[in-house]
Amino acid sequence: MHRSKLLLALALALAIVAFFVFDLARFLRPDYFLARRDALEAWRAAHPWTAAGAFFALYVAVTALSLPGAALLTLAGGALFGLVTGTALASFAASIGATLAFLSARFVLRDAVQSRFGDRLEPINEGIRREGAFYLFALRLVPLFPFFLINLLMGLTAIPARTFYWVSQVGMLPGTMLYVYAGTQLGQFRISGGLIAAFALLGVFPLLARRALDAIKARRLYARWPRPPKFDYNLVVIGAGSSGLVSAYIAAATRARVALIERDKMGGDCLNTGCVPSKALIRAARLRSDIAHGAEFGIRANGHVDFAQVMERVARVVKTVEPDDSVQRYTALGVECIGGNARLTSPWTVQVDTGSGPRTLTTRAIVIATGARPFVPPIPGLQQVGYLTSETLWQLRELPPRLLVLGGGPIGSELAQAFARLGSQVTQLEMLPRILVREDPEVSQLVTERLGQDGVRVLAGHTARQFLSEGGSKIVVAEHQGTQVRIEFDQVLVAVGRKPRTDGLGLEALGIATRRDGTIQTDEFLRTDYPNITVCGDAAGPYQFTHVGAHQAWYAAVNALFGRFRALRADYRVIPWATFVDPEVARVGLNEQEARERKVPYEATVYPIAGLSRAITDGETAGFVKVLTRPGSDRILGATIVGAHAGDLLAEYVLAMKHNIGLGRILGTIHIFPTLAEANKYAAGNWRRAQVTLGQWALLQALQAWLRGAGGIGAVLRGLVALWRDRRKAYAADTLTPDPSAASGRGQF
């Protein structure tokens with residue numbers, strides 16, 4: 001560090017240390033001021049300019065050094081100098097002191113922070129350069145962080161010092177005035193209407209300031225666009241996938257006039273290329289697997305696969321579900337369905353390029369629900385050899401003899417297993433160390449083993465580098481631990497993720513920002529910078545699940561239509577999901593690896609499904625139920641189920657977490673025998689047994705022996721001593737040492 005920076009940092013540190021070592025804070029406490037209020041008032045009256053100068057200097061020093069006491073000084077300023085003079089002194093002193101703290105942080109730390117974290121901070125720096133003044137103004141009016149932190153952190157950014165000063169001066173003025181006014185009332189030493197009003201204003205000021213700030217920001221955004229004198233629609237929904245359909249349905253149910261725009265097929269990816277066809281294919285593959293293992297049940301059958309017929313049935317399933325998402329149904333509900341590509345031309349207008357020419361719709365509100373498309377990585381040679389995605393594979397009518405699946409996520413794993421069961425020789429390539437990497441390692445391991453049993457060659461830790469065509473053969477060149485691996489295939493299925501469809505929507509012209517992952521930036525109410533434009537589904541993120549998109553769609557529609565009166569935050573507290581491999585993987589809340597990453601204390605309770613009667617009768621013994629709870633509590637932090645119908649079994653934990661029902665109540669709930677749902681109760685039973693300590697076991701054993709007449713009262717007393725010792729040990733350690741080999745995180749005894 002430069003010598004001058006080091007000296008300044010040392011001087012500031014010494015001043016702050018001296019403040020606390022010599023307890024100078026006692027001079028900035030309410031009791032000190034109240035005890036000497038008369039003397040201070042007399043001194044101010046005798047020496048007004050000296051008093052004002054001393055107050056101003058003290059205020060600047062306290063603020064510049066980021067010391068506690070600015071709030072009391074502001075109140076004291078009102079009590080001693082009155083509203084006008086007190087506001088002037090406190091306001092200018094606060095802004096000057098804040099700027100000094102800002103400049104100190106910039107001089108001492110900014111270069112070092114920017115040089116080390118410049119790449120990560122670039123988006124923040126860009127935002128500060130673009131709207132730094134407005135952002136700082138919002139922080140001053142609605143203090144989300146203490147002012148001293150704002151002063152220091154802003155010094156590390158690119159905001160100009162002049163801008164920092166004048167924005168701070170203006171932004172802190174309303175709050176300063178309120179505090180000073182409260183101080184003038186406190187100076188009277190009586191409860192007055194003015195005092196009550198002052199503190200009431202202090203309480204509601206952040207809310208009022210936030211509302212005013214939102215109105216100012218919206219007014220500035222909307223000022224660029226001519227507002228139509230009237231609107232054709234209350235709501236225009238762009239995208240007729242699951243999210244868009246729900247948004248349109250909700251709006252129509254409120255008697256709004258709604259237009260629903262879809263560029264391709266009603267129902268979106270879920271109906272046409274995602275959830276519905278993939279589950280139909282998985283069902284066929286599951287039946288083929290059951291037939292192949294029929295001998296275990298004493299049944300022998302020919303499991304010949306007519307792949308063309310399999311895919312025709314998939315198409316029939318889509319057709320069967322299709323009426324629920326059809327133009328006819330939504331037209332009957334009062335929704336006007338329009339085919340074409342939509343583009344926002346203003347906050348209130350949407351241009352649709354239909355087959356008969358462009359059409360402009362005026363609307364009071366807009367919901368963007370454009371979904372996502374498969375992401376195709378830019379791997380050399382991939383375009384030349386040709387590839388399938390989750391959108392295009394449904395056109396297949398011949399089973400690929402050798403199928404390469406690129407990607408080890410849910411989609412890749414589901415389809416790899418399905419095609420292997422139907423007869424393809426499948427190789428699954430995943431660049432990460434294991435497939436289903438968001439799940440706990442034992443989940444990935446179990447699924448990998450099952451895929452292997454079904455004929456899938458899982459190659460984790462392999463990165464595809466190049467695709468080649470040699471002598472009529474298609475080859476992928478992959479890298480594994482520095483070594484090249486060549487794999488021949490006939491078809492490649494790319495399943496490495498999905499990218500939001502946001503291009504061509506006109507977002508750039510309106511200044512609507514997108515995140516690095518391509519999703520549209522929204523607030524907690526799913527609103528863009530324009531409050532009448534909301535987003536839901538894959539275009540909004542952060543979860544790419546149909547059920548989450550439908551959940552978001554309710555908030556998006558309601559906030560778009562009625563947000564001016566009351567906006568509702570989207571609720572992501574309990575989000576379940578499932579991967580439909582066999583055995584299924586379903587989860588809600590935290591798993592172990594997430595709990596460790598977030599440093600959340602937990603206990604893990606596991607029940608192996610192999611011991612479940614219904615699982616044994618069905619021949620579905622692979623898997624387990626794992627529940628995470630707060631240490632010493634039955635409150636559920638998360639649950640993972642691996643096994644047959646795991647997605648269905650998870651619903652009990654979703655309900656429990658949503659309504660704060662603990663494992664104790666699940667244990668006390670009757671579950672039908674024999675069903676797979678009993679696994680949830682037995683997991684709760686494992687948790688309950690793990691709560692019994694060594695001392696409790698000893699006491700129970702001694703008590704039961706005494707009741708049989710096989711032991712004396714001395715054994716019971718020894719049991720009580722063991723329980724007392726156990727309690728002392730648990731109190732000292734806060735929790736028992738877990739046995740990593742036990743089914744529960746607290747160990748079995």
# chains A, B, ... in the order shown; residues from 1 in each chain; ligands from 1
call {"tool": "residues_around", "arguments": {"residues": "Glu470 of chain A", "least_positions_apart": "4", "cutoff": "10 Å", "atoms": "only C-alpha atoms", "output": "list in words"}}
result
Lys474, Ile475 and Glu488 of chain A
call {"tool": "residues_around", "arguments": {"residues": "Arg434 of chain A", "least_positions_apart": "5", "cutoff": "12 Å", "atoms": "only C-alpha atoms", "output": "MDAnalysis selection string"}}
result
chainID A and resid 407:409 413 428:429 439:449 458:462
call {"tool": "write_last_selection", "arguments": {"atoms": "N, CA, C and O atoms", "output": "PDB file, in the first residue's frame"}}
result
ATOM      1  N   GLY A 407     -24.876 -34.265 -21.875  1.00  0.00           N
ATOM      2  CA  GLY A 407     -25.460 -33.598 -20.722  1.00  0.00           C
ATOM      3  C   GLY A 407     -25.926 -34.589 -19.679  1.00  0.00           C
ATOM      4  O   GLY A 407     -26.568 -35.599 -20.002  1.00  0.00           O
ATOM      5  N   GLY A 408     -25.616 -34.296 -18.403  1.00  0.00           N
ATOM      6  CA  GLY A 408     -25.979 -35.188 -17.304  1.00  0.00           C
ATOM      7  C   GLY A 408     -26.976 -34.585 -16.350  1.00  0.00           C
ATOM      8  O   GLY A 408     -27.054 -35.005 -15.186  1.00  0.00           O
ATOM      9  N   GLY A 409     -27.765 -33.626 -16.837  1.00  0.00           N
ATOM     10  CA  GLY A 409     -28.814 -33.056 -16.007  1.00  0.00           C
ATOM     11  C   GLY A 409     -30.073 -33.898 -16.066  1.00  0.00           C
ATOM     12  O   GLY A 409     -30.078 -35.021 -16.574  1.00  0.00           O
ATOM     13  N   SER A 413     -30.505 -37.255 -18.420  1.00  0.00           N
ATOM     14  CA  SER A 413     -30.567 -38.532 -17.704  1.00  0.00           C
ATOM     15  C   SER A 413     -31.873 -39.261 -17.995  1.00  0.00           C
ATOM     16  O   SER A 413     -31.888 -40.486 -18.195  1.00  0.00           O
ATOM     17  N   GLN A 428     -23.705 -41.548 -22.298  1.00  0.00           N
ATOM     18  CA  GLN A 428     -24.037 -40.235 -21.731  1.00  0.00           C
ATOM     19  C   GLN A 428     -22.752 -39.523 -21.331  1.00  0.00           C
ATOM     20  O   GLN A 428     -21.957 -40.042 -20.545  1.00  0.00           O
ATOM     21  N   LEU A 429     -22.563 -38.332 -21.881  1.00  0.00           N
ATOM     22  CA  LEU A 429     -21.328 -37.573 -21.677  1.00  0.00           C
ATOM     23  C   LEU A 429     -21.636 -36.369 -20.788  1.00  0.00           C
ATOM     24  O   LEU A 429     -22.520 -35.563 -21.101  1.00  0.00           O
ATOM     25  N   GLU A 439     -27.928 -32.663  -6.956  1.00  0.00           N
ATOM     26  CA  GLU A 439     -28.385 -33.560  -5.902  1.00  0.00           C
ATOM     27  C   GLU A 439     -27.198 -34.022  -5.062  1.00  0.00           C
ATOM     28  O   GLU A 439     -26.041 -33.840  -5.430  1.00  0.00           O
ATOM     29  N   ASP A 440     -27.492 -34.641  -3.917  1.00  0.00           N
ATOM     30  CA  ASP A 440     -26.434 -35.173  -3.070  1.00  0.00           C
ATOM     31  C   ASP A 440     -25.668 -36.279  -3.796  1.00  0.00           C
ATOM     32  O   ASP A 440     -26.229 -36.967  -4.668  1.00  0.00           O
ATOM     33  N   PRO A 441     -24.406 -36.485  -3.457  1.00  0.00           N
ATOM     34  CA  PRO A 441     -23.589 -37.472  -4.179  1.00  0.00           C
ATOM     35  C   PRO A 441     -24.183 -38.881  -4.192  1.00  0.00           C
ATOM     36  O   PRO A 441     -24.092 -39.579  -5.197  1.00  0.00           O
ATOM     37  N   GLU A 442     -24.791 -39.316  -3.079  1.00  0.00           N
ATOM     38  CA  GLU A 442     -25.332 -40.676  -3.064  1.00  0.00           C
ATOM     39  C   GLU A 442     -26.532 -40.821  -3.997  1.00  0.00           C
ATOM     40  O   GLU A 442     -26.813 -41.914  -4.504  1.00  0.00           O
ATOM     41  N   VAL A 443     -27.241 -39.701  -4.265  1.00  0.00           N
ATOM     42  CA  VAL A 443     -28.332 -39.727  -5.230  1.00  0.00           C
ATOM     43  C   VAL A 443     -27.759 -39.939  -6.632  1.00  0.00           C
ATOM     44  O   VAL A 443     -28.226 -40.787  -7.391  1.00  0.00           O
ATOM     45  N   SER A 444     -26.743 -39.150  -6.952  1.00  0.00           N
ATOM     46  CA  SER A 444     -26.097 -39.300  -8.263  1.00  0.00           C
ATOM     47  C   SER A 444     -25.547 -40.709  -8.441  1.00  0.00           C
ATOM     48  O   SER A 444     -25.667 -41.309  -9.516  1.00  0.00           O
ATOM     49  N   GLN A 445     -24.942 -41.241  -7.387  1.00  0.00           N
ATOM     50  CA  GLN A 445     -24.353 -42.575  -7.471  1.00  0.00           C
ATOM     51  C   GLN A 445     -25.415 -43.636  -7.719  1.00  0.00           C
ATOM     52  O   GLN A 445     -25.249 -44.521  -8.571  1.00  0.00           O
ATOM     53  N   LEU A 446     -26.541 -43.550  -6.998  1.00  0.00           N
ATOM     54  CA  LEU A 446     -27.601 -44.536  -7.165  1.00  0.00           C
ATOM     55  C   LEU A 446     -28.177 -44.489  -8.580  1.00  0.00           C
ATOM     56  O   LEU A 446     -28.383 -45.527  -9.218  1.00  0.00           O
ATOM     57  N   VAL A 447     -28.422 -43.273  -9.081  1.00  0.00           N
ATOM     58  CA  VAL A 447     -28.975 -43.132 -10.429  1.00  0.00           C
ATOM     59  C   VAL A 447     -27.967 -43.614 -11.472  1.00  0.00           C
ATOM     60  O   VAL A 447     -28.331 -44.279 -12.453  1.00  0.00           O
ATOM     61  N   THR A 448     -26.686 -43.304 -11.270  1.00  0.00           N
ATOM     62  CA  THR A 448     -25.651 -43.765 -12.202  1.00  0.00           C
ATOM     63  C   THR A 448     -25.619 -45.290 -12.271  1.00  0.00           C
ATOM     64  O   THR A 448     -25.513 -45.883 -13.358  1.00  0.00           O
ATOM     65  N   GLU A 449     -25.714 -45.931 -11.118  1.00  0.00           N
ATOM     66  CA  GLU A 449     -25.713 -47.392 -11.095  1.00  0.00           C
ATOM     67  C   GLU A 449     -26.926 -47.961 -11.822  1.00  0.00           C
ATOM     68  O   GLU A 449     -26.817 -48.939 -12.575  1.00  0.00           O
ATOM     69  N   VAL A 458     -22.281 -44.248 -18.702  1.00  0.00           N
ATOM     70  CA  VAL A 458     -22.186 -42.897 -18.153  1.00  0.00           C
ATOM     71  C   VAL A 458     -20.720 -42.503 -18.049  1.00  0.00           C
ATOM     72  O   VAL A 458     -19.939 -43.151 -17.341  1.00  0.00           O
ATOM     73  N   LEU A 459     -20.358 -41.436 -18.759  1.00  0.00           N
ATOM     74  CA  LEU A 459     -18.979 -40.934 -18.741  1.00  0.00           C
ATOM     75  C   LEU A 459     -18.984 -39.534 -18.131  1.00  0.00           C
ATOM     76  O   LEU A 459     -19.123 -38.531 -18.825  1.00  0.00           O
ATOM     77  N   ALA A 460     -18.843 -39.487 -16.814  1.00  0.00           N
ATOM     78  CA  ALA A 460     -18.749 -38.194 -16.135  1.00  0.00           C
ATOM     79  C   ALA A 460     -17.310 -37.705 -16.189  1.00  0.00           C
ATOM     80  O   ALA A 460     -16.370 -38.485 -16.375  1.00  0.00           O
ATOM     81  N   GLY A 461     -17.137 -36.398 -16.043  1.00  0.00           N
ATOM     82  CA  GLY A 461     -15.803 -35.821 -16.122  1.00  0.00           C
ATOM     83  C   GLY A 461     -15.234 -35.821 -17.523  1.00  0.00           C
ATOM     84  O   GLY A 461     -14.022 -35.714 -17.704  1.00  0.00           O
ATOM     85  N   HIS A 462     -16.087 -35.933 -18.532  1.00  0.00           N
ATOM     86  CA  HIS A 462     -15.671 -35.941 -19.939  1.00  0.00           C
ATOM     87  C   HIS A 462     -16.213 -34.688 -20.627  1.00  0.00           C
ATOM     88  O   HIS A 462     -17.423 -34.437 -20.593  1.00  0.00           O
TER      89      HIS A 462
END
call {"tool": "residues_around", "arguments": {"residues": "segment 620-627 of chain A", "least_positions_apart": "4", "cutoff": "7 Å", "atoms": "only C-alpha atoms", "output": "PyMOL selection string"}}
result
chain A and resi 583+604-610+615-616+638-644+679+683
call {"tool": "select_by_dssp", "arguments": {"residues": "segment 513-697 of chain A", "states": "strand (DSSP E)", "output": "MDAnalysis selection string"}}
result
chainID A and resid 533:535 576:579 584:589 603:608 624:629 636:643
call {"tool": "write_last_selection", "arguments": {"atoms": "N, CA, C and O atoms", "output": "compact mmCIF listing (two decimals), in the first residue's frame"}}
result
# COMPACT_ATOMS: atom_id res chain seq x y z
N ILE A 533 -45.35 -4.08 -16.88
CA ILE A 533 -44.81 -5.21 -17.65
C ILE A 533 -44.19 -6.21 -16.68
O ILE A 533 -43.22 -5.90 -15.99
N THR A 534 -44.78 -7.40 -16.60
CA THR A 534 -44.29 -8.43 -15.70
C THR A 534 -43.81 -9.63 -16.52
O THR A 534 -44.08 -9.76 -17.71
N VAL A 535 -43.08 -10.53 -15.84
CA VAL A 535 -42.48 -11.69 -16.51
C VAL A 535 -42.70 -12.92 -15.64
O VAL A 535 -42.70 -12.83 -14.40
N PRO A 576 -40.76 -27.55 -4.91
CA PRO A 576 -40.41 -28.96 -5.15
C PRO A 576 -40.06 -29.21 -6.60
O PRO A 576 -40.46 -28.46 -7.50
N TRP A 577 -39.31 -30.26 -6.85
CA TRP A 577 -39.07 -30.70 -8.23
C TRP A 577 -38.70 -32.18 -8.25
O TRP A 577 -38.39 -32.76 -7.21
N ALA A 578 -38.81 -32.76 -9.44
CA ALA A 578 -38.51 -34.18 -9.58
C ALA A 578 -37.79 -34.43 -10.90
O ALA A 578 -38.01 -33.72 -11.88
N THR A 579 -36.93 -35.43 -10.89
CA THR A 579 -36.30 -35.94 -12.10
C THR A 579 -36.87 -37.33 -12.33
O THR A 579 -36.76 -38.21 -11.46
N GLU A 584 -37.21 -42.60 -9.44
CA GLU A 584 -37.40 -41.15 -9.49
C GLU A 584 -36.60 -40.47 -8.38
O GLU A 584 -36.34 -41.04 -7.32
N VAL A 585 -36.25 -39.21 -8.66
CA VAL A 585 -35.57 -38.37 -7.67
C VAL A 585 -36.44 -37.13 -7.46
O VAL A 585 -36.73 -36.41 -8.42
N ALA A 586 -36.87 -36.90 -6.23
CA ALA A 586 -37.72 -35.75 -5.93
C ALA A 586 -37.15 -35.03 -4.72
O ALA A 586 -36.63 -35.65 -3.79
N ARG A 587 -37.28 -33.70 -4.75
CA ARG A 587 -36.69 -32.92 -3.65
C ARG A 587 -37.48 -31.65 -3.41
O ARG A 587 -38.04 -31.06 -4.33
N VAL A 588 -37.47 -31.22 -2.15
CA VAL A 588 -38.00 -29.92 -1.77
C VAL A 588 -37.08 -29.36 -0.69
O VAL A 588 -36.59 -30.08 0.17
N GLY A 589 -36.81 -28.06 -0.75
CA GLY A 589 -35.96 -27.43 0.25
C GLY A 589 -34.50 -27.82 0.08
O GLY A 589 -34.03 -28.15 -1.02
N GLU A 603 -29.70 -31.81 10.97
CA GLU A 603 -29.60 -33.24 11.24
C GLU A 603 -30.23 -33.96 10.06
O GLU A 603 -31.28 -33.55 9.57
N ALA A 604 -29.59 -35.03 9.60
CA ALA A 604 -30.11 -35.80 8.47
C ALA A 604 -30.63 -37.13 8.97
O ALA A 604 -29.93 -37.87 9.67
N THR A 605 -31.87 -37.43 8.62
CA THR A 605 -32.48 -38.71 8.96
C THR A 605 -32.80 -39.45 7.67
O THR A 605 -33.41 -38.88 6.76
N VAL A 606 -32.39 -40.72 7.60
CA VAL A 606 -32.56 -41.51 6.38
C VAL A 606 -33.36 -42.77 6.68
O VAL A 606 -33.12 -43.44 7.69
N TYR A 607 -34.29 -43.05 5.79
CA TYR A 607 -34.99 -44.33 5.85
C TYR A 607 -34.80 -45.05 4.52
O TYR A 607 -35.25 -44.57 3.48
N PRO A 608 -34.13 -46.22 4.52
CA PRO A 608 -33.95 -46.96 3.26
C PRO A 608 -35.26 -47.63 2.84
O PRO A 608 -35.89 -48.35 3.62
N PHE A 624 -34.31 -44.27 -1.08
CA PHE A 624 -34.38 -43.88 0.34
C PHE A 624 -35.15 -42.58 0.49
O PHE A 624 -35.40 -41.86 -0.49
N VAL A 625 -35.52 -42.30 1.72
CA VAL A 625 -36.09 -41.00 2.09
C VAL A 625 -35.08 -40.34 3.01
O VAL A 625 -34.66 -40.94 4.01
N LYS A 626 -34.68 -39.13 2.69
CA LYS A 626 -33.75 -38.38 3.54
C LYS A 626 -34.39 -37.04 3.90
O LYS A 626 -34.80 -36.28 3.03
N VAL A 627 -34.46 -36.76 5.19
CA VAL A 627 -35.09 -35.53 5.67
C VAL A 627 -34.07 -34.75 6.49
O VAL A 627 -33.41 -35.31 7.38
N LEU A 628 -33.92 -33.47 6.20
CA LEU A 628 -33.07 -32.58 7.00
C LEU A 628 -33.95 -31.78 7.95
O LEU A 628 -34.98 -31.22 7.54
N THR A 629 -33.53 -31.73 9.22
CA THR A 629 -34.26 -30.95 10.22
C THR A 629 -33.29 -30.06 10.99
O THR A 629 -32.08 -30.27 10.98
N ILE A 636 -38.73 -29.17 9.40
CA ILE A 636 -38.14 -29.73 8.19
C ILE A 636 -37.46 -28.63 7.37
O ILE A 636 -38.08 -27.62 7.03
N LEU A 637 -36.18 -28.84 7.06
CA LEU A 637 -35.44 -27.93 6.20
C LEU A 637 -35.48 -28.37 4.74
O LEU A 637 -35.34 -27.54 3.84
N GLY A 638 -35.64 -29.65 4.52
CA GLY A 638 -35.67 -30.17 3.16
C GLY A 638 -35.85 -31.67 3.18
O GLY A 638 -35.62 -32.32 4.21
N ALA A 639 -36.29 -32.20 2.06
CA ALA A 639 -36.47 -33.64 1.95
C ALA A 639 -36.07 -34.08 0.55
O ALA A 639 -36.39 -33.40 -0.43
N THR A 640 -35.38 -35.21 0.48
CA THR A 640 -35.03 -35.84 -0.80
C THR A 640 -35.56 -37.26 -0.77
O THR A 640 -35.32 -38.00 0.19
N ILE A 641 -36.28 -37.64 -1.83
CA ILE A 641 -36.78 -39.01 -1.94
C ILE A 641 -36.26 -39.60 -3.25
O ILE A 641 -36.39 -38.98 -4.30
N VAL A 642 -35.68 -40.76 -3.16
CA VAL A 642 -35.25 -41.51 -4.34
C VAL A 642 -35.99 -42.83 -4.29
O VAL A 642 -35.88 -43.57 -3.31
N GLY A 643 -36.78 -43.11 -5.32
CA GLY A 643 -37.54 -44.35 -5.34
C GLY A 643 -38.72 -44.25 -6.27
O GLY A 643 -38.97 -43.21 -6.89
call {"tool": "atom_distance", "arguments": {"atom1": "atom CA of Gly69 of chain A", "atom2": "atom CA of Ala94 of chain A"}}
result
11.6 Å
call {"tool": "atom_distance", "arguments": {"atom1": "atom CA of Ser424 of chain A", "atom2": "atom CA of Leu399 of chain A"}}
result
6.7 Å
call {"tool": "closest_residue", "arguments": {"among": "A:Arg343, A:His480, A:Lys499, A:Arg689", "to": "Gly371 of chain A", "atoms": "only C-alpha atoms"}}
result
A:Lys499
call {"tool": "residues_around", "arguments": {"residues": "Phe297 of chain A", "least_positions_apart": "5", "cutoff": "12 Å", "atoms": "only C-alpha atoms", "output": "ChimeraX atom specification"}}
result
/A:290-292,617-619
call {"tool": "residues_around", "arguments": {"residues": "Gly244 of chain A", "least_positions_apart": "6", "cutoff": "12 Å", "atoms": "only C-alpha atoms", "output": "VMD selection string"}}
result
chain A and resid 235 to 238 250 to 251 258 to 262 266 to 270 325 330 335 337 366 to 371 534 to 539 546 549 to 557
call {"tool": "write_last_selection", "arguments": {"atoms": "N, CA and C atoms", "output": "compact mmCIF listing (two decimals), in the first residue's frame"}}
result
# COMPACT_ATOMS: atom_id res chain seq x y z
N LEU A 235 -54.90 -6.67 -20.68
CA LEU A 235 -53.67 -7.44 -20.57
C LEU A 235 -53.37 -8.14 -21.89
N VAL A 236 -52.11 -8.06 -22.30
CA VAL A 236 -51.62 -8.84 -23.42
C VAL A 236 -50.57 -9.80 -22.87
N VAL A 237 -50.73 -11.08 -23.13
CA VAL A 237 -49.80 -12.11 -22.68
C VAL A 237 -49.02 -12.60 -23.89
N ILE A 238 -47.70 -12.58 -23.80
CA ILE A 238 -46.84 -13.02 -24.90
C ILE A 238 -46.30 -14.40 -24.54
N ILE A 250 -56.11 -16.38 -15.53
CA ILE A 250 -56.36 -15.55 -14.34
C ILE A 250 -56.96 -14.21 -14.75
N ALA A 251 -56.39 -13.59 -15.77
CA ALA A 251 -56.90 -12.29 -16.21
C ALA A 251 -58.33 -12.40 -16.72
N VAL A 258 -58.42 -9.79 -22.64
CA VAL A 258 -57.10 -10.39 -22.71
C VAL A 258 -56.80 -10.83 -24.14
N ALA A 259 -55.56 -10.58 -24.57
CA ALA A 259 -55.04 -11.13 -25.82
C ALA A 259 -53.86 -12.04 -25.49
N LEU A 260 -53.84 -13.21 -26.10
CA LEU A 260 -52.78 -14.19 -25.88
C LEU A 260 -52.08 -14.44 -27.22
N ILE A 261 -50.77 -14.14 -27.26
CA ILE A 261 -50.01 -14.23 -28.51
C ILE A 261 -49.07 -15.43 -28.44
N GLU A 262 -49.10 -16.26 -29.47
CA GLU A 262 -48.22 -17.43 -29.54
C GLU A 262 -47.65 -17.54 -30.95
N MET A 266 -49.95 -23.67 -29.29
CA MET A 266 -50.52 -23.49 -27.96
C MET A 266 -50.03 -24.62 -27.04
N GLY A 267 -49.80 -24.29 -25.80
CA GLY A 267 -49.29 -25.27 -24.85
C GLY A 267 -47.81 -25.20 -24.66
N GLY A 268 -47.10 -24.56 -25.61
CA GLY A 268 -45.67 -24.34 -25.46
C GLY A 268 -44.87 -25.62 -25.39
N ASP A 269 -43.68 -25.52 -24.81
CA ASP A 269 -42.76 -26.65 -24.74
C ASP A 269 -43.32 -27.79 -23.90
N CYS A 270 -43.97 -27.47 -22.80
CA CYS A 270 -44.41 -28.52 -21.88
C CYS A 270 -45.33 -29.52 -22.58
N ASP A 325 -55.27 -26.98 -23.67
CA ASP A 325 -54.47 -25.78 -23.97
C ASP A 325 -54.84 -25.17 -25.32
N TYR A 330 -59.58 -21.49 -24.81
CA TYR A 330 -59.28 -20.15 -24.29
C TYR A 330 -60.16 -19.08 -24.93
N VAL A 335 -60.63 -15.21 -23.99
CA VAL A 335 -59.29 -14.78 -24.36
C VAL A 335 -59.20 -14.75 -25.89
N CYS A 337 -57.02 -15.24 -28.91
CA CYS A 337 -55.76 -15.91 -29.23
C CYS A 337 -55.27 -15.43 -30.60
N ILE A 366 -48.80 -5.87 -19.64
CA ILE A 366 -48.21 -6.91 -20.48
C ILE A 366 -47.56 -7.96 -19.58
N VAL A 367 -47.77 -9.24 -19.92
CA VAL A 367 -47.06 -10.34 -19.27
C VAL A 367 -46.18 -11.02 -20.32
N ILE A 368 -44.90 -11.13 -20.03
CA ILE A 368 -43.96 -11.83 -20.92
C ILE A 368 -43.77 -13.25 -20.38
N ALA A 369 -44.16 -14.24 -21.18
CA ALA A 369 -44.05 -15.64 -20.78
C ALA A 369 -43.56 -16.45 -21.98
N THR A 370 -42.39 -16.08 -22.47
CA THR A 370 -41.90 -16.63 -23.74
C THR A 370 -41.11 -17.92 -23.60
N GLY A 371 -40.92 -18.41 -22.38
CA GLY A 371 -40.29 -19.71 -22.19
C GLY A 371 -38.81 -19.74 -22.52
N THR A 534 -44.78 -7.40 -16.60
CA THR A 534 -44.29 -8.43 -15.70
C THR A 534 -43.81 -9.63 -16.52
N VAL A 535 -43.08 -10.53 -15.84
CA VAL A 535 -42.48 -11.69 -16.51
C VAL A 535 -42.70 -12.92 -15.64
N CYS A 536 -42.90 -14.07 -16.27
CA CYS A 536 -43.04 -15.32 -15.51
C CYS A 536 -42.50 -16.48 -16.33
N GLY A 537 -42.31 -17.60 -15.65
CA GLY A 537 -41.82 -18.80 -16.32
C GLY A 537 -40.32 -18.77 -16.58
N ASP A 538 -39.89 -19.52 -17.58
CA ASP A 538 -38.46 -19.63 -17.87
C ASP A 538 -37.83 -18.29 -18.23
N ALA A 539 -38.61 -17.37 -18.78
CA ALA A 539 -38.08 -16.06 -19.13
C ALA A 539 -37.72 -15.24 -17.90
N THR A 546 -42.20 -26.33 -14.94
CA THR A 546 -43.53 -25.95 -15.38
C THR A 546 -44.39 -25.49 -14.20
N GLY A 549 -43.43 -22.04 -13.11
CA GLY A 549 -43.92 -21.05 -14.06
C GLY A 549 -45.39 -20.76 -13.86
N ALA A 550 -46.18 -21.81 -13.64
CA ALA A 550 -47.61 -21.62 -13.38
C ALA A 550 -47.83 -20.87 -12.07
N HIS A 551 -46.99 -21.15 -11.08
CA HIS A 551 -47.07 -20.44 -9.79
C HIS A 551 -46.75 -18.96 -9.98
N GLN A 552 -45.70 -18.68 -10.73
CA GLN A 552 -45.34 -17.29 -10.99
C GLN A 552 -46.41 -16.57 -11.80
N ALA A 553 -47.06 -17.30 -12.69
CA ALA A 553 -48.02 -16.68 -13.60
C ALA A 553 -49.15 -15.99 -12.84
N TRP A 554 -49.56 -16.57 -11.73
CA TRP A 554 -50.62 -15.94 -10.92
C TRP A 554 -50.16 -14.56 -10.44
N TYR A 555 -48.94 -14.50 -9.89
CA TYR A 555 -48.42 -13.23 -9.40
C TYR A 555 -48.21 -12.24 -10.55
N ALA A 556 -47.70 -12.74 -11.68
CA ALA A 556 -47.44 -11.86 -12.81
C ALA A 556 -48.73 -11.22 -13.31
N ALA A 557 -49.79 -12.01 -13.44
CA ALA A 557 -51.06 -11.49 -13.94
C ALA A 557 -51.69 -10.53 -12.93
call {"tool": "residues_around", "arguments": {"residues": "Ala677 of chain A", "least_positions_apart": "5", "cutoff": "9 Å", "atoms": "only C-alpha atoms", "output": "PyMOL selection string"}}
result
chain A and resi 648-649+652+671-672
call {"tool": "atom_distance", "arguments": {"atom1": "atom CA of Ala342 of chain A", "atom2": "atom CA of Tyr222 of chain A"}}
result
20.4 Å
call {"tool": "select_by_dssp", "arguments": {"residues": "segment 449-503 of chain A", "states": "helix (DSSP H, G or I)", "output": "list in words"}}
result
Glu449, Arg450, Leu451, Gly452 and Gln453 of chain A
